[in-house]
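> Please find coords_26.pdb (PDB, C-alpha atoms and all ligand atoms) on the next line:
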ATOM      1  CA  MET A   1       0.000   0.000   0.000  1.00  0.00           C
ATOM      2  CA  LYS A   2       1.346   3.379  -0.996  1.00  0.00           C
ATOM      3  CA  ALA A   3       0.579   6.658   0.754  1.00  0.00           C
ATOM      4  CA  SER A   4       1.629  10.164  -0.035  1.00  0.00           C
ATOM      5  CA  ILE A   5       2.650  12.134   3.028  1.00  0.00           C
ATOM      6  CA  TYR A   6       1.883  15.396   1.315  1.00  0.00           C
ATOM      7  CA  ASN A   7      -1.012  17.524   2.495  1.00  0.00           C
ATOM      8  CA  THR A   8      -1.694  21.150   3.195  1.00  0.00           C
ATOM      9  CA  THR A   9      -1.439  21.020   6.985  1.00  0.00           C
ATOM     10  CA  THR A  10      -0.090  24.082   8.756  1.00  0.00           C
ATOM     11  CA  ASP A  11       1.674  22.001  11.426  1.00  0.00           C
ATOM     12  CA  THR A  12       5.245  23.165  10.809  1.00  0.00           C
ATOM     13  CA  GLU A  13       6.841  21.094  13.567  1.00  0.00           C
ATOM     14  CA  HIS A  14       7.547  18.032  11.428  1.00  0.00           C
ATOM     15  CA  TRP A  15       8.955  18.694   7.996  1.00  0.00           C
ATOM     16  CA  ALA A  16      11.269  16.687   5.806  1.00  0.00           C
ATOM     17  CA  ALA A  17      12.890  17.316   2.431  1.00  0.00           C
ATOM     18  CA  CYS A  18      12.670  14.713  -0.336  1.00  0.00           C
ATOM     19  CA  HIS A  19      16.209  13.324  -0.876  1.00  0.00           C
ATOM     20  CA  ASP A  20      15.715  13.297  -4.654  1.00  0.00           C
ATOM     21  CA  CYS A  21      13.996  16.593  -5.497  1.00  0.00           C
ATOM     22  CA  ASP A  22      14.263  18.634  -2.228  1.00  0.00           C
ATOM     23  CA  LEU A  23      10.507  19.204  -2.001  1.00  0.00           C
ATOM     24  CA  LEU A  24       9.588  20.149   1.574  1.00  0.00           C
ATOM     25  CA  LEU A  25       6.861  17.925   2.978  1.00  0.00           C
ATOM     26  CA  PRO A  26       5.093  17.643   6.316  1.00  0.00           C
ATOM     27  CA  ILE A  27       5.666  14.266   7.979  1.00  0.00           C
ATOM     28  CA  HIS A  28       2.764  12.105   9.079  1.00  0.00           C
ATOM     29  CA  ASP A  29       2.717   8.826  10.927  1.00  0.00           C
ATOM     30  CA  ILE A  30       2.188   5.883   8.623  1.00  0.00           C
ATOM     31  CA  THR A  31       1.211   2.313   9.460  1.00  0.00           C
ATOM     32  CA  GLU A  32       3.568  -0.667   9.038  1.00  0.00           C
ATOM     33  CA  SER A  33       2.167  -1.651   5.644  1.00  0.00           C
ATOM     34  CA  GLN A  34       2.366   1.863   4.182  1.00  0.00           C
ATOM     35  CA  VAL A  35       5.140   3.520   2.201  1.00  0.00           C
ATOM     36  CA  ALA A  36       5.505   7.319   2.191  1.00  0.00           C
ATOM     37  CA  ARG A  37       6.325   8.652  -1.288  1.00  0.00           C
ATOM     38  CA  CYS A  38       7.132  12.091  -2.661  1.00  0.00           C
ATOM     39  CA  PRO A  39       4.145  13.428  -4.681  1.00  0.00           C
ATOM     40  CA  ARG A  40       6.457  15.183  -7.148  1.00  0.00           C
ATOM     41  CA  CYS A  41       9.106  12.526  -8.034  1.00  0.00           C
ATOM     42  CA  ASN A  42       7.575   9.392  -6.451  1.00  0.00           C
ATOM     43  CA  ALA A  43      10.787   8.670  -4.472  1.00  0.00           C
ATOM     44  CA  VAL A  44      10.341   6.522  -1.345  1.00  0.00           C
ATOM     45  CA  LEU A  45      10.626   8.892   1.618  1.00  0.00           C
ATOM     46  CA  TYR A  46      10.017   6.536   4.440  1.00  0.00           C
ATOM     47  CA  ARG A  47       8.840   3.029   5.290  1.00  0.00           C
ATOM     48  CA  HIS A  48       8.483   1.346   8.666  1.00  0.00           C
ATOM     49  CA  LYS A  49      11.039  -1.243   9.735  1.00  0.00           C
ATOM     50  CA  LYS A  50       9.666  -3.982  11.946  1.00  0.00           C
ATOM     51  CA  ASN A  51      11.257  -4.395  15.434  1.00  0.00           C
ATOM     52  CA  SER A  52      13.878  -1.852  14.374  1.00  0.00           C
ATOM     53  CA  ILE A  53      15.252  -1.043  17.856  1.00  0.00           C
ATOM     54  CA  SER A  54      15.558  -4.665  19.064  1.00  0.00           C
ATOM     55  CA  LYS A  55      17.259  -5.733  15.820  1.00  0.00           C
ATOM     56  CA  THR A  56      19.668  -2.771  15.866  1.00  0.00           C
ATOM     57  CA  LEU A  57      20.548  -3.531  19.492  1.00  0.00           C
ATOM     58  CA  ALA A  58      21.198  -7.233  18.769  1.00  0.00           C
ATOM     59  CA  PHE A  59      23.216  -6.652  15.589  1.00  0.00           C
ATOM     60  CA  SER A  60      25.351  -3.797  16.937  1.00  0.00           C
ATOM     61  CA  LEU A  61      26.166  -5.760  20.100  1.00  0.00           C
ATOM     62  CA  SER A  62      27.087  -8.842  18.041  1.00  0.00           C
ATOM     63  CA  ALA A  63      29.277  -6.690  15.761  1.00  0.00           C
ATOM     64  CA  LEU A  64      31.071  -5.178  18.776  1.00  0.00           C
ATOM     65  CA  LEU A  65      31.942  -8.693  20.032  1.00  0.00           C
ATOM     66  CA  PHE A  66      33.879  -9.320  16.801  1.00  0.00           C
ATOM     67  CA  TYR A  67      35.497  -5.875  16.729  1.00  0.00           C
ATOM     68  CA  ILE A  68      38.479  -6.611  19.010  1.00  0.00           C
ATOM     69  CA  PRO A  69      39.520  -9.972  17.417  1.00  0.00           C
ATOM     70  CA  ALA A  70      39.083  -8.447  13.930  1.00  0.00           C
ATOM     71  CA  ASN A  71      41.558  -5.683  14.794  1.00  0.00           C
ATOM     72  CA  THR A  72      44.084  -7.514  16.928  1.00  0.00           C
ATOM     73  CA  LEU A  73      44.372 -11.039  15.449  1.00  0.00           C
ATOM     74  CA  PRO A  74      46.505 -11.568  12.312  1.00  0.00           C
ATOM     75  CA  ILE A  75      44.681 -11.026   9.009  1.00  0.00           C
ATOM     76  CA  LEU A  76      47.408 -12.490   6.816  1.00  0.00           C
ATOM     77  CA  THR A  77      50.583 -14.492   7.331  1.00  0.00           C
ATOM     78  CA  LEU A  78      53.026 -14.186   4.444  1.00  0.00           C
ATOM     79  CA  ASP A  79      55.970 -16.562   4.138  1.00  0.00           C
ATOM     80  CA  ILE A  80      58.620 -15.532   1.582  1.00  0.00           C
ATOM     81  CA  TYR A  81      61.643 -17.898   1.510  1.00  0.00           C
ATOM     82  CA  GLY A  82      61.389 -18.619   5.234  1.00  0.00           C
ATOM     83  CA  ASN A  83      60.746 -14.997   6.290  1.00  0.00           C
ATOM     84  CA  THR A  84      57.369 -15.029   7.955  1.00  0.00           C
ATOM     85  CA  GLY A  85      55.389 -11.847   8.551  1.00  0.00           C
ATOM     86  CA  ARG A  86      52.082 -11.558  10.391  1.00  0.00           C
ATOM     87  CA  ASN A  87      49.871  -8.562   9.810  1.00  0.00           C
ATOM     88  CA  THR A  88      47.071  -7.276  11.984  1.00  0.00           C
ATOM     89  CA  MET A  89      44.832  -4.296  11.246  1.00  0.00           C
ATOM     90  CA  LEU A  90      46.534  -2.097  13.906  1.00  0.00           C
ATOM     91  CA  ASN A  91      49.926  -3.285  12.738  1.00  0.00           C
ATOM     92  CA  GLY A  92      49.088  -2.198   9.193  1.00  0.00           C
ATOM     93  CA  VAL A  93      48.298   1.352  10.328  1.00  0.00           C
ATOM     94  CA  TYR A  94      51.575   1.497  12.290  1.00  0.00           C
ATOM     95  CA  ARG A  95      53.582   0.238   9.272  1.00  0.00           C
ATOM     96  CA  LEU A  96      52.037   2.878   7.011  1.00  0.00           C
ATOM     97  CA  TRP A  97      52.910   5.572   9.566  1.00  0.00           C
ATOM     98  CA  GLU A  98      56.464   4.228   9.881  1.00  0.00           C
ATOM     99  CA  GLN A  99      57.000   4.306   6.121  1.00  0.00           C
ATOM    100  CA  GLY A 100      55.988   7.975   5.960  1.00  0.00           C
ATOM    101  CA  PHE A 101      52.465   7.498   4.598  1.00  0.00           C
ATOM    102  CA  TRP A 102      51.041   9.269   7.662  1.00  0.00           C
ATOM    103  CA  TRP A 103      48.004  10.677   5.826  1.00  0.00           C
ATOM    104  CA  MET A 104      47.087   7.195   4.565  1.00  0.00           C
ATOM    105  CA  ALA A 105      47.663   5.719   8.044  1.00  0.00           C
ATOM    106  CA  PHE A 106      45.370   8.425   9.440  1.00  0.00           C
ATOM    107  CA  LEU A 107      42.635   7.700   6.846  1.00  0.00           C
ATOM    108  CA  VAL A 108      42.804   3.918   7.394  1.00  0.00           C
ATOM    109  CA  ALA A 109      42.737   4.385  11.180  1.00  0.00           C
ATOM    110  CA  VAL A 110      39.758   6.776  11.032  1.00  0.00           C
ATOM    111  CA  CYS A 111      37.622   5.084   8.338  1.00  0.00           C
ATOM    112  CA  SER A 112      38.374   1.419   9.101  1.00  0.00           C
ATOM    113  CA  ILE A 113      39.070   1.316  12.838  1.00  0.00           C
ATOM    114  CA  LEU A 114      37.721   4.330  14.754  1.00  0.00           C
ATOM    115  CA  MET A 115      34.567   5.308  12.824  1.00  0.00           C
ATOM    116  CA  PRO A 116      33.064   1.780  12.590  1.00  0.00           C
ATOM    117  CA  LEU A 117      33.566   1.420  16.373  1.00  0.00           C
ATOM    118  CA  PHE A 118      32.128   4.871  17.035  1.00  0.00           C
ATOM    119  CA  GLU A 119      29.101   4.167  14.842  1.00  0.00           C
ATOM    120  CA  LEU A 120      28.407   0.802  16.535  1.00  0.00           C
ATOM    121  CA  VAL A 121      28.656   2.402  19.992  1.00  0.00           C
ATOM    122  CA  LEU A 122      26.245   5.169  18.895  1.00  0.00           C
ATOM    123  CA  LEU A 123      23.729   2.646  17.484  1.00  0.00           C
ATOM    124  CA  LEU A 124      23.973   0.622  20.689  1.00  0.00           C
ATOM    125  CA  THR A 125      23.499   3.733  22.869  1.00  0.00           C
ATOM    126  CA  ILE A 126      20.436   4.860  20.874  1.00  0.00           C
ATOM    127  CA  SER A 127      18.833   1.381  20.964  1.00  0.00           C
ATOM    128  CA  ILE A 128      19.455   0.899  24.698  1.00  0.00           C
ATOM    129  CA  SER A 129      18.086   4.367  25.565  1.00  0.00           C
ATOM    130  CA  ILE A 130      14.880   3.823  23.545  1.00  0.00           C
ATOM    131  CA  LYS A 131      14.511   0.230  24.774  1.00  0.00           C
ATOM    132  CA  ARG A 132      14.794   1.383  28.418  1.00  0.00           C
ATOM    133  CA  GLN A 133      12.271   4.191  27.751  1.00  0.00           C
ATOM    134  CA  ARG A 134      14.590   6.734  29.329  1.00  0.00           C
ATOM    135  CA  TYR A 135      14.987  10.213  27.887  1.00  0.00           C
ATOM    136  CA  THR A 136      18.288  12.019  28.341  1.00  0.00           C
ATOM    137  CA  PRO A 137      19.281  15.264  26.554  1.00  0.00           C
ATOM    138  CA  VAL A 138      22.183  13.259  25.038  1.00  0.00           C
ATOM    139  CA  LEU A 139      19.792  11.054  23.018  1.00  0.00           C
ATOM    140  CA  PRO A 140      18.890  13.590  20.242  1.00  0.00           C
ATOM    141  CA  PHE A 141      22.561  14.543  19.988  1.00  0.00           C
ATOM    142  CA  THR A 142      23.520  10.843  19.630  1.00  0.00           C
ATOM    143  CA  ILE A 143      21.007  10.356  16.781  1.00  0.00           C
ATOM    144  CA  LYS A 144      22.356  13.450  14.969  1.00  0.00           C
ATOM    145  CA  LEU A 145      25.960  12.314  15.504  1.00  0.00           C
ATOM    146  CA  GLN A 146      25.203   8.829  14.127  1.00  0.00           C
ATOM    147  CA  HIS A 147      23.711  10.447  10.996  1.00  0.00           C
ATOM    148  CA  LEU A 148      26.828  12.599  10.555  1.00  0.00           C
ATOM    149  CA  THR A 149      29.375   9.810  11.103  1.00  0.00           C
ATOM    150  CA  SER A 150      27.610   7.109   9.047  1.00  0.00           C
ATOM    151  CA  SER A 151      29.302   8.182   5.807  1.00  0.00           C
ATOM    152  CA  TRP A 152      32.788   7.958   7.379  1.00  0.00           C
ATOM    153  CA  ALA A 153      32.651   4.308   8.444  1.00  0.00           C
ATOM    154  CA  MET A 154      33.966   2.378   5.437  1.00  0.00           C
ATOM    155  CA  LEU A 155      34.535  -1.208   6.522  1.00  0.00           C
ATOM    156  CA  GLU A 156      33.486  -2.575   3.119  1.00  0.00           C
ATOM    157  CA  VAL A 157      36.018  -0.383   1.260  1.00  0.00           C
ATOM    158  CA  TYR A 158      38.805  -1.643   3.507  1.00  0.00           C
ATOM    159  CA  LEU A 159      37.679  -5.258   2.995  1.00  0.00           C
ATOM    160  CA  LEU A 160      37.897  -4.706  -0.768  1.00  0.00           C
ATOM    161  CA  GLY A 161      41.470  -3.446  -0.223  1.00  0.00           C
ATOM    162  CA  ILE A 162      42.323  -6.608   1.746  1.00  0.00           C
ATOM    163  CA  ILE A 163      40.952  -8.839  -1.054  1.00  0.00           C
ATOM    164  CA  VAL A 164      43.004  -6.954  -3.684  1.00  0.00           C
ATOM    165  CA  ALA A 165      46.126  -7.302  -1.471  1.00  0.00           C
ATOM    166  CA  ILE A 166      45.502 -11.067  -1.053  1.00  0.00           C
ATOM    167  CA  VAL A 167      45.220 -11.547  -4.835  1.00  0.00           C
ATOM    168  CA  LYS A 168      48.381  -9.491  -5.516  1.00  0.00           C
ATOM    169  CA  MET A 169      50.472 -11.043  -2.718  1.00  0.00           C
ATOM    170  CA  SER A 170      49.509 -14.649  -3.448  1.00  0.00           C
ATOM    171  CA  ASP A 171      52.260 -14.845  -6.134  1.00  0.00           C
ATOM    172  CA  LEU A 172      54.990 -13.554  -3.789  1.00  0.00           C
ATOM    173  CA  GLY A 173      55.066 -16.474  -1.362  1.00  0.00           C
ATOM    174  CA  ASN A 174      53.057 -18.753   0.863  1.00  0.00           C
ATOM    175  CA  LEU A 175      50.002 -16.812   2.009  1.00  0.00           C
ATOM    176  CA  VAL A 176      47.909 -18.019   4.954  1.00  0.00           C
ATOM    177  CA  LEU A 177      44.641 -16.233   5.774  1.00  0.00           C
ATOM    178  CA  GLY A 178      44.238 -15.436   9.491  1.00  0.00           C
ATOM    179  CA  GLN A 179      41.299 -15.686  11.922  1.00  0.00           C
ATOM    180  CA  ALA A 180      40.907 -11.893  11.837  1.00  0.00           C
ATOM    181  CA  LEU A 181      39.676 -12.105   8.248  1.00  0.00           C
ATOM    182  CA  VAL A 182      36.743 -14.302   9.347  1.00  0.00           C
ATOM    183  CA  CYS A 183      36.079 -11.949  12.306  1.00  0.00           C
ATOM    184  CA  TYR A 184      36.261  -8.980   9.927  1.00  0.00           C
ATOM    185  CA  LEU A 185      33.709 -10.554   7.562  1.00  0.00           C
ATOM    186  CA  VAL A 186      31.353 -11.315  10.477  1.00  0.00           C
ATOM    187  CA  LEU A 187      31.885  -7.779  11.869  1.00  0.00           C
ATOM    188  CA  LEU A 188      31.061  -6.312   8.455  1.00  0.00           C
ATOM    189  CA  ALA A 189      27.933  -8.509   8.076  1.00  0.00           C
ATOM    190  CA  PHE A 190      26.611  -7.586  11.549  1.00  0.00           C
ATOM    191  CA  THR A 191      27.388  -3.877  11.027  1.00  0.00           C
ATOM    192  CA  LEU A 192      25.503  -3.838   7.721  1.00  0.00           C
ATOM    193  CA  CYS A 193      22.565  -5.687   9.360  1.00  0.00           C
ATOM    194  CA  ALA A 194      22.553  -3.156  12.259  1.00  0.00           C
ATOM    195  CA  LEU A 195      22.530  -0.223   9.809  1.00  0.00           C
ATOM    196  CA  GLN A 196      19.852  -1.881   7.690  1.00  0.00           C
ATOM    197  CA  SER A 197      17.572  -2.483  10.691  1.00  0.00           C
ATOM    198  CA  TYR A 198      18.098   0.981  12.198  1.00  0.00           C
ATOM    199  CA  ASP A 199      15.108   3.248  11.578  1.00  0.00           C
ATOM    200  CA  ARG A 200      16.136   6.874  12.119  1.00  0.00           C
ATOM    201  CA  HIS A 201      12.616   8.161  11.620  1.00  0.00           C
ATOM    202  CA  TYR A 202      11.305   5.852  14.328  1.00  0.00           C
ATOM    203  CA  ALA A 203      14.240   6.774  16.613  1.00  0.00           C
ATOM    204  CA  TRP A 204      13.245  10.475  16.342  1.00  0.00           C
ATOM    205  CA  GLN A 205       9.580   9.657  16.965  1.00  0.00           C
ATOM    206  CA  ALA A 206      10.475   7.585  20.045  1.00  0.00           C
ATOM    207  CA  THR A 207      12.811  10.342  21.304  1.00  0.00           C
ATOM    208  CA  GLU A 208      10.067  12.967  20.992  1.00  0.00           C
ATOM    209  CA  PHE A 209       7.613  10.684  22.757  1.00  0.00           C
ATOM    210  CA  LEU A 210      10.090  10.016  25.613  1.00  0.00           C
ATOM    211  CA  ARG A 211      10.931  13.744  25.876  1.00  0.00           C
ATOM    212  CA  ASP A 212       7.242  14.694  26.156  1.00  0.00           C
ATOM    213  CA  LYS A 213       6.711  11.919  28.709  1.00  0.00           C
ATOM    214  CA  SER A 214       9.638  13.073  30.866  1.00  0.00           C
ATOM    215  CA  GLN A 215       8.440  16.736  30.665  1.00  0.00           C
ATOM    216  CA  ARG A 216       4.941  15.673  31.729  1.00  0.00           C
ATOM    217  CA  ASN A 217       6.419  13.766  34.690  1.00  0.00           C
ATOM    218  CA  VAL A 218       8.477  16.823  35.728  1.00  0.00           C
ATOM    219  CA  ASN A 219       5.355  19.047  35.541  1.00  0.00           C
ATOM    220  CA  TYR A 220       3.336  16.474  37.481  1.00  0.00           C
ATOM    221  CA  GLU A 221       5.976  16.306  40.247  1.00  0.00           C
ATOM    222  CA  LYS A 222       5.989  20.136  40.508  1.00  0.00           C
TER     223      LYS A 222
HETATM  224 ZN    ZN B 301      10.762  14.173  -4.568  1.00  0.00          ZN
END
Mind turning the file's structure into structure tokens?

Amino acid sequence: MKASIYNTTTDTEHWAACHDCDLLLPIHDITESQVARCPRCNAVLYRHKKNSISKTLAFSLSALLFYIPANTLPILTLDIYGNTGRNTMLNGVYRLWEQGFWWMAFLVAVCSILMPLFELVLLLTISISIKRQRYTPVLPFTIKLQHLTSSWAMLEVYLLGIIVAIVKMSDLGNLVLGQALVCYLVLLAFTLCALQSYDRHYAWQATEFLRDKSQRNVNYEK
């Protein structure tokens, strides 16, 4: 079932811009089976995700469990004429820095190590806060921050780099794939699932509801 969210309401509290044509539209609540579409370009503006908060919580927590082994265990072991070298993710950043590629070391550290961790922690914080039905002034800030940082976490790009390196290095010597590669794949899968299940629109709705509830409680106690 399709539903346009466009109407001529004067309620200016909830507005959103279409990502495709920038048309400003008032937001309305839609049911689970409905899809909100732009009346001008027909782009999908919003659709409900079932059990979004519980799924995001489960997937982000699972991803975090694989984060430490993925970054500290060896990804590759390369044996060239008896010289064996083991490489971990953190090790790789240090090597780049040592060889003078400090800007590349910085980019790899930020996009492949720090930002994915930061994003998972933010998703976990948002899900736990909404699940516990507790409003804190930090919650809206956390949702905004997650939106801002989401484009900087690039686990999949780094994984592509690892695959290219494996293909290129396989001719140099005996190459053994490490446990970290499996952990990295699982981490990537869980992170993508967490991002896919996260419903920002619902998170904002829940935050507003919790904020109103906490304000009512404060007024009631006064
Ligand atoms: Zn549009």
> So how many Å separate CA of Leu177 in chain A and CA of Thr77 in chain A, to one decimal?
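Answer for the CA of Leu177 in chain A to CA of Thr77 in chain A separation: 6.4 Å.
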> Residues of chain A that approach ligand ZN 301 (chain B) to 6 Å or less, counting only C-alpha atoms and all ligand atoms: could you list each one with the shortest pair of atoms and its distance in Å to one decimal, rows by chain and increasing residue number, as JSON lines?

{"residue": "A:Cys18", "atom": "CA", "partner": "B:ZN301", "partner_atom": "ZN", "distance": 4.7}
{"residue": "A:Asp20", "atom": "CA", "partner": "B:ZN301", "partner_atom": "ZN", "distance": 5.0}
{"residue": "A:Cys21", "atom": "CA", "partner": "B:ZN301", "partner_atom": "ZN", "distance": 4.1}
{"residue": "A:Leu23", "atom": "CA", "partner": "B:ZN301", "partner_atom": "ZN", "distance": 5.7}
{"residue": "A:Cys38", "atom": "CA", "partner": "B:ZN301", "partner_atom": "ZN", "distance": 4.6}
{"residue": "A:Arg40", "atom": "CA", "partner": "B:ZN301", "partner_atom": "ZN", "distance": 5.1}
{"residue": "A:Cys41", "atom": "CA", "partner": "B:ZN301", "partner_atom": "ZN", "distance": 4.2}
{"residue": "A:Ala43", "atom": "CA", "partner": "B:ZN301", "partner_atom": "ZN", "distance": 5.5}
> Report the residues retrieved by the PyMOL selection byres (((chain A and resi 65-76) around 6) and not hetatm) from the displayed file, expressed as a list in words.
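Matching residues under the PyMOL selection byres (((chain A and resi 65-76) around 6) and not hetatm) are Ser62, Ala63, Leu64, Thr77, Arg86, Asn87, Thr88, Met89, Val176, Leu177, Gly178, Ala180, Leu181, Cys183, Tyr184 and Leu187 of chain A.
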> Interatomic distance between CA of Leu90 in chain A and CA of Met154 in chain A?
15.8 Å
> Could you tell me how far CA of Leu160 in chain A lies from CA of Leu114 in chain A, in Å and to one decimal?
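CA of Leu160 in chain A sits 18.0 Å away from CA of Leu114 in chain A.
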> Tell me which protein, DNA and RNA residues are within 9 Å of Ala206 in chain A, counting only C-alpha atoms, leaving out same-chain ones fewer than 5 positions away, and put them as a list in words.
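Listing them by chain and then by number gives Ile130, Gln133, His201 and Arg211 of chain A.
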> Write out as an mmCIF file with C-alpha atoms, in the frame of the given file the residues lying within 12 Å of Cys111 in chain A, counting all atoms listed in the file and excluding same-chain residues fewer than 5 positions away.

data_model
loop_
_atom_site.group_PDB
_atom_site.id
_atom_site.type_symbol
_atom_site.label_atom_id
_atom_site.label_comp_id
_atom_site.auth_asym_id
_atom_site.auth_seq_id
_atom_site.Cartn_x
_atom_site.Cartn_y
_atom_site.Cartn_z
ATOM 1 C CA VAL A 93 48.298 1.352 10.328
ATOM 2 C CA MET A 104 47.087 7.195 4.565
ATOM 3 C CA ALA A 105 47.663 5.719 8.044
ATOM 4 C CA PHE A 106 45.370 8.425 9.440
ATOM 5 C CA PRO A 116 33.064 1.780 12.590
ATOM 6 C CA LEU A 117 33.566 1.420 16.373
ATOM 7 C CA PHE A 118 32.128 4.871 17.035
ATOM 8 C CA GLU A 119 29.101 4.167 14.842
ATOM 9 C CA THR A 149 29.375 9.810 11.103
ATOM 10 C CA SER A 150 27.610 7.109 9.047
ATOM 11 C CA SER A 151 29.302 8.182 5.807
ATOM 12 C CA TRP A 152 32.788 7.958 7.379
ATOM 13 C CA ALA A 153 32.651 4.308 8.444
ATOM 14 C CA MET A 154 33.966 2.378 5.437
ATOM 15 C CA LEU A 155 34.535 -1.208 6.522
ATOM 16 C CA GLU A 156 33.486 -2.575 3.119
ATOM 17 C CA VAL A 157 36.018 -0.383 1.260
ATOM 18 C CA TYR A 158 38.805 -1.643 3.507
ATOM 19 C CA LEU A 159 37.679 -5.258 2.995
#
